[in-house]
Amino acid sequence: MAVPATAPERDDAAAPTAADVTETAALKRPRVKKSVSTWLWNIAVLIVTLGLWQVATALVGSPFFPGPVAIARAFVDLVQAGDTSGITLWEHAWASITRVMVGFALAILFGVPLGIFMGLYPRTYENSRVILEPFRFIPPIAWIPLAIIFFSGMPRFAFLIFLGAFFPIFTAAMVGVARVEPIHRKVGLVFGASKSWIIRHIVLPTILPDILGGMRVGLGAAWLTIVAAELAGGISTGLGRMMVNYAELVQIPQVVVGMLLIGAIGFLMNEALLLLEKRLFRWRWQVTL
Amino acid sequence: MAMAGDLISDSGNSSAAAAPKLRVDESHCYGDFLVHEGIRFDVRENEFLCVCGPSGCGKTTLLDILSGNMKPTQGSVKLDGHEINPRRDRVSFVFQEPSTLPWLTVRDNVSTGLRIRRTDAAERDRQVDAIIGMVGLKGFEDHYPHQISGGMKQRVAIARAFVIDADLILMDEPFVSLDQPTRERMQREVLDVWERRRRTVIFVTHNIEEAVFLGDRIIVLSTKPARIVADIAIPLDRPRDPLSTDFIALRTQCSEKLHAMQA
Ligand SMILES: Nc1ncnc2c1ncn2[C@@H]1O[C@H](COP(=O)(O)OP(=O)(O)OP(=O)(O)O)[C@@H](O)[C@H]1O
Ligand SMILES: [Mg+2]
């Protein structure tokens, strides 16, 4: 912690004492930094795993058990030439990503304000629990049959993704509001703040970390739902669709490419949210995992 | 902004002369439980009034009522002749518990009241810089509360209360969680800031010594229900010497009131 560069105006009691400064240094937030060695270890673990896998496939020698080389070849093939109908891997991936983004955005758009509202007026939640709670326990996948009947194309996916992502975001926002410290609200009230000022400047900053946490859970749910939703017929794009096509042809490397790409995209989205969290919440003690 | 210089002439019970800044006349119940009974007093402009009383007697309740955020069951609190209203009147508050907002830097914490009142940004920065210098937090403007000590956080809360051009500053046992040397330092700091920027201050404490050291006047409350059992002027010059005979005499007088009432 830096000792103030400019000396305080007065050199008497009001100046931060040595005790203040040491205490401050002791309170410094413990940082979990990703060191270079962590990166090197991750790369080493990756290489060893791929090597062992390749050796194992060579020993087995079966087309049902492809190794990294076969999968890489399938990957390059899918990127360059596309699948059996000429749709490239990126087109499939992009189709899935846009569907997730639209549904996810809708979930934020409805989940956050509704969560804040029901958090501020708990009676509204208590009085509608009978609908909200059972709804939460219907998995989005269970909605697929109805979604197929009622919607097609983007609305179908957006609807299903929305159902998957809504509840984690809504619940996080609502529970967050209940945890706003009464003293923080009182600070606003006592200095003459309006209700809307308190919502914007006290409630929102308090629950933003919860909302981002809810978003990460919601994103996981959304990404799970999209693949299942794409397995259903009537569409030609999407990673789920591509995987089913190749599974029907018993071309396992292409199926695995789809699986790995789904994992990688989910991972990157989560990392992006984590990065956002770190940027936004420098004021927090906790290191998010 | 009233700065140091416009000193008040004397302390004491001369409230009859000018119209009082604050006129309190209230009784309050929490459900069936009577906390305040016939609490009646006036406060002069720029007076530093201390309120003493045993724990749980209703001091925080009194400040909540004075701030206008809680309506007394009976009676009223009048500031400059009208019913107090936190949305319109400038009231500020230093709380008993830690109250800095952890997501704001020291600077933004201090400017909270100014931002609520939409003070012009340049003017706001000027005032915030000045008060941050006064409470000795220069160089810590961009720190977050978790990066500074408890005493420094309390100074942030004090700066936040003093930076707005408040008609009334309410302080609720602000130093209760601090150790003795820090507490003494903070007492001098508050007096220092108050002397530079005269305001009407109501300072709650259960520490008689502190009250006699700080106040122009002390009100002693009884408990269950709270009534005013003493209203004592402290006509001592500042800085006060806690070892002087006058100081000790006044302190003893207040302690006796408090103890007589508790017996
Ligand atoms: N919201 C409330 N509802 C019911 N009773 C309350 C409430 N707030 C305070 N009380 C009661 O009113 C009395 C006065 O409380 P208050 O917090 O004003 O005391 P205090 O003088 O500030 O005490 P301390 O010195 O310990 O801070 C206490 O007996 C308390 O139990
Ligand atoms: Mg209290």
# chains A, B, ... in the order shown; residues from 1 in each chain; ligands from 1
$ residues_around --residues "stretch 215-227 of chain B" --least-positions-apart "4" --cutoff "7 Å" --atoms "only C-alpha atoms" --output "list in words"
Ser11, Gly12, Leu34, Val35, His36, Glu37, Gly38, Ile39, Glu47, Phe48, Leu49, Cys50, Val51, Cys52, Gly53, Pro54, Cys57, Gly58, Ala211, Asp231, Ile232, Ala233, Ile234, Pro235, Leu258 and Met261 of chain B
$ write_last_selection --atoms "N, CA and C atoms" --output "tab-separated table (two decimals), in the first residue's frame"
chain	number	residue	atom	x	y	z
B	11	SER	N	-22.32	29.95	25.45
B	11	SER	CA	-23.08	28.72	25.50
B	11	SER	C	-24.00	28.82	26.70
B	12	GLY	N	-24.94	27.93	26.81
B	12	GLY	CA	-25.81	27.97	27.97
B	12	GLY	C	-27.27	27.93	27.56
B	34	LEU	N	-43.27	1.96	25.52
B	34	LEU	CA	-43.02	3.41	25.51
B	34	LEU	C	-41.52	3.65	25.66
B	35	VAL	N	-40.89	4.22	24.63
B	35	VAL	CA	-39.43	4.47	24.71
B	35	VAL	C	-39.17	5.90	25.16
B	36	HIS	N	-39.84	6.87	24.53
B	36	HIS	CA	-39.63	8.27	24.86
B	36	HIS	C	-40.91	8.83	25.46
B	37	GLU	N	-40.78	9.54	26.59
B	37	GLU	CA	-41.97	10.18	27.14
B	37	GLU	C	-41.70	11.66	27.34
B	38	GLY	N	-42.39	12.48	26.58
B	38	GLY	CA	-42.28	13.93	26.72
B	38	GLY	C	-40.87	14.44	26.57
B	39	ILE	N	-40.22	14.05	25.48
B	39	ILE	CA	-38.88	14.57	25.20
B	39	ILE	C	-39.04	15.95	24.58
B	47	GLU	N	-25.07	25.01	17.74
B	47	GLU	CA	-24.79	24.47	19.05
B	47	GLU	C	-24.28	23.04	18.93
B	48	PHE	N	-23.36	22.65	19.82
B	48	PHE	CA	-22.87	21.28	19.88
B	48	PHE	C	-23.52	20.65	21.11
B	49	LEU	N	-24.58	19.88	20.86
B	49	LEU	CA	-25.35	19.30	21.97
B	49	LEU	C	-25.01	17.83	22.12
B	50	CYS	N	-24.67	17.43	23.36
B	50	CYS	CA	-24.42	16.00	23.60
B	50	CYS	C	-25.62	15.39	24.30
B	51	VAL	N	-25.92	14.14	23.92
B	51	VAL	CA	-27.02	13.42	24.55
B	51	VAL	C	-26.44	12.17	25.21
B	52	CYS	N	-26.65	12.06	26.52
B	52	CYS	CA	-26.13	10.92	27.28
B	52	CYS	C	-27.29	10.12	27.83
B	53	GLY	N	-27.03	8.85	28.04
B	53	GLY	CA	-28.07	8.02	28.66
B	53	GLY	C	-27.61	6.59	28.65
B	54	PRO	N	-28.20	5.78	29.53
B	54	PRO	CA	-27.78	4.38	29.60
B	54	PRO	C	-28.07	3.63	28.31
B	57	CYS	N	-31.60	3.11	26.18
B	57	CYS	CA	-32.61	4.05	26.66
B	57	CYS	C	-33.35	4.72	25.50
B	58	GLY	N	-32.79	4.65	24.30
B	58	GLY	CA	-33.50	5.24	23.16
B	58	GLY	C	-32.77	6.39	22.50
B	211	ALA	N	-18.71	13.62	26.55
B	211	ALA	CA	-19.74	14.65	26.41
B	211	ALA	C	-19.26	15.98	26.97
B	231	ASP	N	-30.25	18.93	32.02
B	231	ASP	CA	-29.90	19.73	30.85
B	231	ASP	C	-28.84	20.70	31.33
B	232	ILE	N	-27.57	20.36	31.07
B	232	ILE	CA	-26.47	21.05	31.73
B	232	ILE	C	-25.61	21.80	30.71
B	233	ALA	N	-25.40	23.07	30.92
B	233	ALA	CA	-24.52	23.85	30.04
B	233	ALA	C	-23.07	23.61	30.43
B	234	ILE	N	-22.20	23.60	29.44
B	234	ILE	CA	-20.76	23.42	29.71
B	234	ILE	C	-20.05	24.71	29.28
B	235	PRO	N	-19.94	25.66	30.19
B	235	PRO	CA	-19.39	26.96	29.78
B	235	PRO	C	-17.86	27.02	29.83
B	258	LEU	N	-26.71	10.80	36.15
B	258	LEU	CA	-26.86	9.52	35.47
B	258	LEU	C	-27.03	8.39	36.49
B	261	MET	N	-30.31	8.49	38.57
B	261	MET	CA	-31.43	8.02	37.79
B	261	MET	C	-31.41	6.51	37.64
$ interface_residues --of "chain B" --to "chain A" --cutoff "6 Å" --atoms "only C-alpha atoms" --output "list in words"
Pro86, Arg87, Ser92, Trp103, Gly113, Ile116, Val135, Gly136, Lys138, Gly139, Tyr144, Gln147, Ile148 and Ser149 of chain B
$ residues_near_ligand --ligand "ligand 1" --cutoff "8 Å" --atoms "only C-alpha atoms and all ligand atoms" --output "JSON, numbers by chain"
{"B": [30, 31, 33, 35, 53, 54, 55, 56, 57, 58, 59, 60, 61, 62, 96, 172, 173, 205, 206, 224]}
$ write_last_selection --atoms "all heavy atoms" --output "short mmCIF file (atom, residue, chain, number, x, y, z; two decimals), in the first residue's frame"
data_model
loop_
_atom_site.label_atom_id
_atom_site.label_comp_id
_atom_site.auth_asym_id
_atom_site.auth_seq_id
_atom_site.Cartn_x
_atom_site.Cartn_y
_atom_site.Cartn_z
N TYR B 30 -42.70 1.88 20.59
CA TYR B 30 -42.54 0.77 19.64
C TYR B 30 -43.63 -0.22 20.03
O TYR B 30 -43.50 -0.93 21.02
CB TYR B 30 -41.17 0.10 19.80
CG TYR B 30 -40.01 0.85 19.19
CD1 TYR B 30 -38.93 1.28 19.97
CD2 TYR B 30 -39.97 1.10 17.81
CE1 TYR B 30 -37.85 1.94 19.40
CE2 TYR B 30 -38.89 1.77 17.25
CZ TYR B 30 -37.84 2.19 18.05
OH TYR B 30 -36.77 2.84 17.48
N GLY B 31 -44.69 -0.26 19.29
CA GLY B 31 -45.82 -1.11 19.68
C GLY B 31 -46.37 -0.62 21.01
O GLY B 31 -46.77 0.53 21.13
N PHE B 33 -44.53 -0.62 23.71
CA PHE B 33 -43.38 -0.25 24.53
C PHE B 33 -43.07 1.24 24.39
O PHE B 33 -42.71 1.72 23.32
CB PHE B 33 -42.19 -1.12 24.12
CG PHE B 33 -40.89 -0.74 24.76
CD1 PHE B 33 -40.79 -0.64 26.14
CD2 PHE B 33 -39.76 -0.52 23.98
CE1 PHE B 33 -39.59 -0.30 26.72
CE2 PHE B 33 -38.55 -0.17 24.57
CZ PHE B 33 -38.48 -0.06 25.94
N VAL B 35 -40.89 4.22 24.63
CA VAL B 35 -39.43 4.47 24.71
C VAL B 35 -39.17 5.90 25.16
O VAL B 35 -38.33 6.14 26.03
CB VAL B 35 -38.73 4.31 23.34
CG1 VAL B 35 -37.36 3.76 23.52
CG2 VAL B 35 -39.54 3.50 22.37
N GLY B 53 -27.03 8.85 28.04
CA GLY B 53 -28.07 8.02 28.66
C GLY B 53 -27.61 6.59 28.65
O GLY B 53 -26.73 6.23 27.86
N PRO B 54 -28.20 5.78 29.53
CA PRO B 54 -27.78 4.38 29.60
C PRO B 54 -28.07 3.63 28.31
O PRO B 54 -28.92 4.03 27.52
CB PRO B 54 -28.60 3.82 30.77
CG PRO B 54 -29.65 4.81 31.06
CD PRO B 54 -29.25 6.11 30.49
N SER B 55 -27.37 2.53 28.12
CA SER B 55 -27.55 1.72 26.92
C SER B 55 -29.00 1.25 26.81
O SER B 55 -29.61 0.85 27.80
CB SER B 55 -26.61 0.51 26.98
OG SER B 55 -26.67 -0.18 25.76
N GLY B 56 -29.56 1.36 25.63
CA GLY B 56 -30.92 0.90 25.39
C GLY B 56 -31.99 1.88 25.81
O GLY B 56 -33.18 1.55 25.80
N CYS B 57 -31.60 3.11 26.18
CA CYS B 57 -32.61 4.05 26.66
C CYS B 57 -33.35 4.72 25.50
O CYS B 57 -34.40 5.33 25.70
CB CYS B 57 -31.99 5.10 27.57
SG CYS B 57 -31.07 6.38 26.72
N GLY B 58 -32.79 4.65 24.30
CA GLY B 58 -33.50 5.24 23.16
C GLY B 58 -32.77 6.39 22.50
O GLY B 58 -33.39 7.27 21.92
N LYS B 59 -31.44 6.37 22.55
CA LYS B 59 -30.65 7.45 21.95
C LYS B 59 -30.66 7.34 20.42
O LYS B 59 -30.87 8.34 19.73
CB LYS B 59 -29.21 7.42 22.49
CG LYS B 59 -29.14 7.51 24.01
CD LYS B 59 -27.71 7.55 24.52
CE LYS B 59 -26.94 6.26 24.31
NZ LYS B 59 -27.49 5.10 25.04
N THR B 60 -30.44 6.12 19.93
CA THR B 60 -30.47 5.94 18.48
C THR B 60 -31.88 6.25 17.95
O THR B 60 -32.04 6.88 16.91
CB THR B 60 -30.05 4.51 18.11
OG1 THR B 60 -28.71 4.32 18.58
CG2 THR B 60 -30.09 4.28 16.61
N THR B 61 -32.87 5.81 18.72
CA THR B 61 -34.26 6.11 18.35
C THR B 61 -34.46 7.61 18.24
O THR B 61 -35.08 8.11 17.29
CB THR B 61 -35.22 5.53 19.42
OG1 THR B 61 -34.96 4.14 19.56
CG2 THR B 61 -36.67 5.77 19.05
N LEU B 62 -33.89 8.37 19.19
CA LEU B 62 -34.01 9.82 19.17
C LEU B 62 -33.41 10.39 17.87
O LEU B 62 -34.02 11.22 17.21
CB LEU B 62 -33.33 10.43 20.39
CG LEU B 62 -33.36 11.96 20.47
CD1 LEU B 62 -34.78 12.48 20.59
CD2 LEU B 62 -32.51 12.47 21.64
N GLN B 96 -23.64 4.75 14.33
CA GLN B 96 -22.98 3.99 15.39
C GLN B 96 -22.12 2.86 14.80
O GLN B 96 -21.06 2.55 15.28
CB GLN B 96 -24.07 3.40 16.29
CG GLN B 96 -23.62 2.88 17.62
CD GLN B 96 -24.78 2.60 18.56
OE1 GLN B 96 -25.95 2.77 18.21
NE2 GLN B 96 -24.49 2.17 19.76
N ASP B 172 -24.00 9.37 16.16
CA ASP B 172 -24.45 8.33 17.08
C ASP B 172 -23.27 7.51 17.58
O ASP B 172 -22.80 6.60 16.90
CB ASP B 172 -25.46 7.42 16.35
CG ASP B 172 -26.21 6.53 17.32
OD1 ASP B 172 -25.93 6.60 18.53
OD2 ASP B 172 -27.08 5.77 16.85
N GLU B 173 -22.81 7.82 18.78
CA GLU B 173 -21.66 7.12 19.38
C GLU B 173 -20.62 6.78 18.32
O GLU B 173 -20.26 5.62 18.14
CB GLU B 173 -22.12 5.83 20.08
CG GLU B 173 -23.23 6.09 21.09
CD GLU B 173 -23.46 4.92 22.03
OE1 GLU B 173 -22.47 4.31 22.48
OE2 GLU B 173 -24.63 4.61 22.32
N THR B 205 -23.68 9.92 23.05
CA THR B 205 -22.60 9.12 23.64
C THR B 205 -23.08 8.62 25.00
O THR B 205 -23.98 9.22 25.60
CB THR B 205 -21.32 9.95 23.81
OG1 THR B 205 -20.36 9.16 24.51
CG2 THR B 205 -21.57 11.24 24.57
N HIS B 206 -22.54 7.50 25.47
CA HIS B 206 -22.86 7.15 26.85
C HIS B 206 -21.66 7.44 27.75
O HIS B 206 -21.62 7.06 28.91
CB HIS B 206 -23.34 5.70 26.98
CG HIS B 206 -22.39 4.69 26.44
ND1 HIS B 206 -22.73 3.80 25.45
CD2 HIS B 206 -21.11 4.45 26.72
CE1 HIS B 206 -21.69 3.06 25.16
NE2 HIS B 206 -20.69 3.44 25.91
N LYS B 224 -36.47 3.70 30.12
CA LYS B 224 -37.74 2.96 30.26
C LYS B 224 -38.80 3.70 31.06
O LYS B 224 -39.10 3.33 32.18
CB LYS B 224 -37.45 1.59 30.88
CG LYS B 224 -36.81 0.71 29.84
CD LYS B 224 -36.59 -0.70 30.31
CE LYS B 224 -36.07 -1.49 29.16
NZ LYS B 224 -34.75 -1.96 29.15
#
$ closest_residue --among "B:Pro102, B:Phe203, B:Leu114, B:Gln180" --to "ligand 2" --atoms "only C-alpha atoms and all ligand atoms"
B:Phe203
$ residues_around --residues "A:His92" --least-positions-apart "2" --cutoff "7 Å" --atoms "only C-alpha atoms" --output "VMD selection string"
chain A and resid 88 to 90 94 to 96 237 to 239
$ closest_residue --among "B:Gln253, B:Asn46, B:Ser99, B:Ser244" --to "B:Ile208" --atoms "only C-alpha atoms"
B:Gln253
$ select_by_dssp --residues "stretch 170-277 of chain A" --states "alpha helix (DSSP H)" --output "VMD selection string"
chain A and resid 170 to 178 182 to 190 195 to 198 204 to 231 239 to 248 252 to 277
$ residues_around --residues "stretch 116-133 of chain A" --least-positions-apart "3" --cutoff "9 Å" --atoms "only C-alpha atoms" --output "PyMOL selection string"
chain A and resi 111-113+136-137+170+173-178+199+203-204+207
$ atom_distance --atom1 "atom CA of A:Val36" --atom2 "atom CA of A:Leu274"
19.4 Å
$ atom_distance --atom1 "atom CA of B:Leu191" --atom2 "atom CA of B:Phe213"
9.6 Å
$ residues_around --residues "stretch 175-179 of chain B" --least-positions-apart "2" --cutoff "9 Å" --atoms "only C-alpha atoms" --output "PyMOL selection string"
chain B and resi 96-97+150-151+154+172-173+181-184+186-187+205
$ atom_distance --atom1 "atom CA of A:Gly258" --atom2 "atom CA of A:Met242"
7.4 Å
$ decode --residues "stretch 132-154 of chain B" --atoms "N, CA, C and O atoms" --output "compact mmCIF listing (two decimals), in the first residue's frame"
# COMPACT_ATOMS: atom_id res chain seq x y z
N ILE B 132 -11.36 16.18 2.73
CA ILE B 132 -10.45 15.03 2.83
C ILE B 132 -9.12 15.47 3.42
O ILE B 132 -8.54 14.77 4.25
N GLY B 133 -8.67 16.66 3.05
CA GLY B 133 -7.47 17.21 3.67
C GLY B 133 -7.69 17.43 5.16
O GLY B 133 -6.85 17.09 5.99
N MET B 134 -8.85 17.96 5.50
CA MET B 134 -9.13 18.27 6.89
C MET B 134 -9.13 17.05 7.80
O MET B 134 -8.70 17.13 8.94
N VAL B 135 -9.64 15.92 7.31
CA VAL B 135 -9.67 14.73 8.16
C VAL B 135 -8.43 13.87 7.95
O VAL B 135 -8.35 12.75 8.47
N GLY B 136 -7.47 14.38 7.19
CA GLY B 136 -6.19 13.68 7.07
C GLY B 136 -6.24 12.43 6.22
O GLY B 136 -5.57 11.44 6.51
N LEU B 137 -7.05 12.43 5.18
CA LEU B 137 -7.11 11.25 4.32
C LEU B 137 -6.50 11.53 2.95
O LEU B 137 -6.70 10.76 2.00
N LYS B 138 -5.77 12.62 2.86
CA LYS B 138 -5.14 12.97 1.59
C LYS B 138 -4.22 11.83 1.15
O LYS B 138 -3.49 11.28 1.96
N GLY B 139 -4.27 11.47 -0.12
CA GLY B 139 -3.45 10.36 -0.61
C GLY B 139 -4.22 9.05 -0.59
O GLY B 139 -3.80 8.07 -1.19
N PHE B 140 -5.35 9.01 0.11
CA PHE B 140 -6.14 7.77 0.17
C PHE B 140 -7.45 7.90 -0.61
O PHE B 140 -8.32 7.05 -0.49
N GLU B 141 -7.57 8.95 -1.43
CA GLU B 141 -8.83 9.22 -2.12
C GLU B 141 -9.31 8.05 -2.96
O GLU B 141 -10.50 7.79 -3.06
N ASP B 142 -8.36 7.33 -3.59
CA ASP B 142 -8.77 6.27 -4.51
C ASP B 142 -8.73 4.89 -3.88
O ASP B 142 -8.86 3.88 -4.56
N HIS B 143 -8.55 4.85 -2.56
CA HIS B 143 -8.59 3.56 -1.88
C HIS B 143 -10.03 3.14 -1.65
O HIS B 143 -10.92 3.97 -1.50
N TYR B 144 -10.24 1.82 -1.60
CA TYR B 144 -11.55 1.31 -1.24
C TYR B 144 -11.58 1.07 0.27
O TYR B 144 -10.51 0.88 0.87
N PRO B 145 -12.78 1.07 0.87
CA PRO B 145 -12.84 0.90 2.33
C PRO B 145 -12.06 -0.31 2.85
O PRO B 145 -11.47 -0.23 3.92
N HIS B 146 -12.03 -1.41 2.11
CA HIS B 146 -11.31 -2.58 2.65
C HIS B 146 -9.80 -2.37 2.68
O HIS B 146 -9.08 -3.16 3.26
N GLN B 147 -9.35 -1.30 2.04
CA GLN B 147 -7.91 -1.05 2.02
C GLN B 147 -7.47 -0.06 3.09
O GLN B 147 -6.28 0.26 3.17
N ILE B 148 -8.41 0.46 3.90
CA ILE B 148 -8.02 1.41 4.94
C ILE B 148 -8.47 0.87 6.30
O ILE B 148 -9.28 -0.06 6.37
N SER B 149 -7.95 1.46 7.38
CA SER B 149 -8.24 0.93 8.72
C SER B 149 -9.61 1.39 9.20
O SER B 149 -10.24 2.28 8.61
N GLY B 150 -10.05 0.79 10.31
CA GLY B 150 -11.36 1.12 10.87
C GLY B 150 -11.47 2.60 11.25
O GLY B 150 -12.47 3.24 10.98
N GLY B 151 -10.39 3.12 11.85
CA GLY B 151 -10.40 4.53 12.23
C GLY B 151 -10.50 5.44 11.02
O GLY B 151 -11.18 6.46 11.04
N MET B 152 -9.81 5.03 9.96
CA MET B 152 -9.87 5.84 8.73
C MET B 152 -11.26 5.79 8.12
O MET B 152 -11.77 6.78 7.60
N LYS B 153 -11.91 4.61 8.19
CA LYS B 153 -13.27 4.50 7.67
C LYS B 153 -14.21 5.43 8.43
O LYS B 153 -15.09 6.06 7.84
N GLN B 154 -14.01 5.49 9.75
CA GLN B 154 -14.87 6.36 10.54
C GLN B 154 -14.64 7.82 10.16
O GLN B 154 -15.56 8.62 10.15
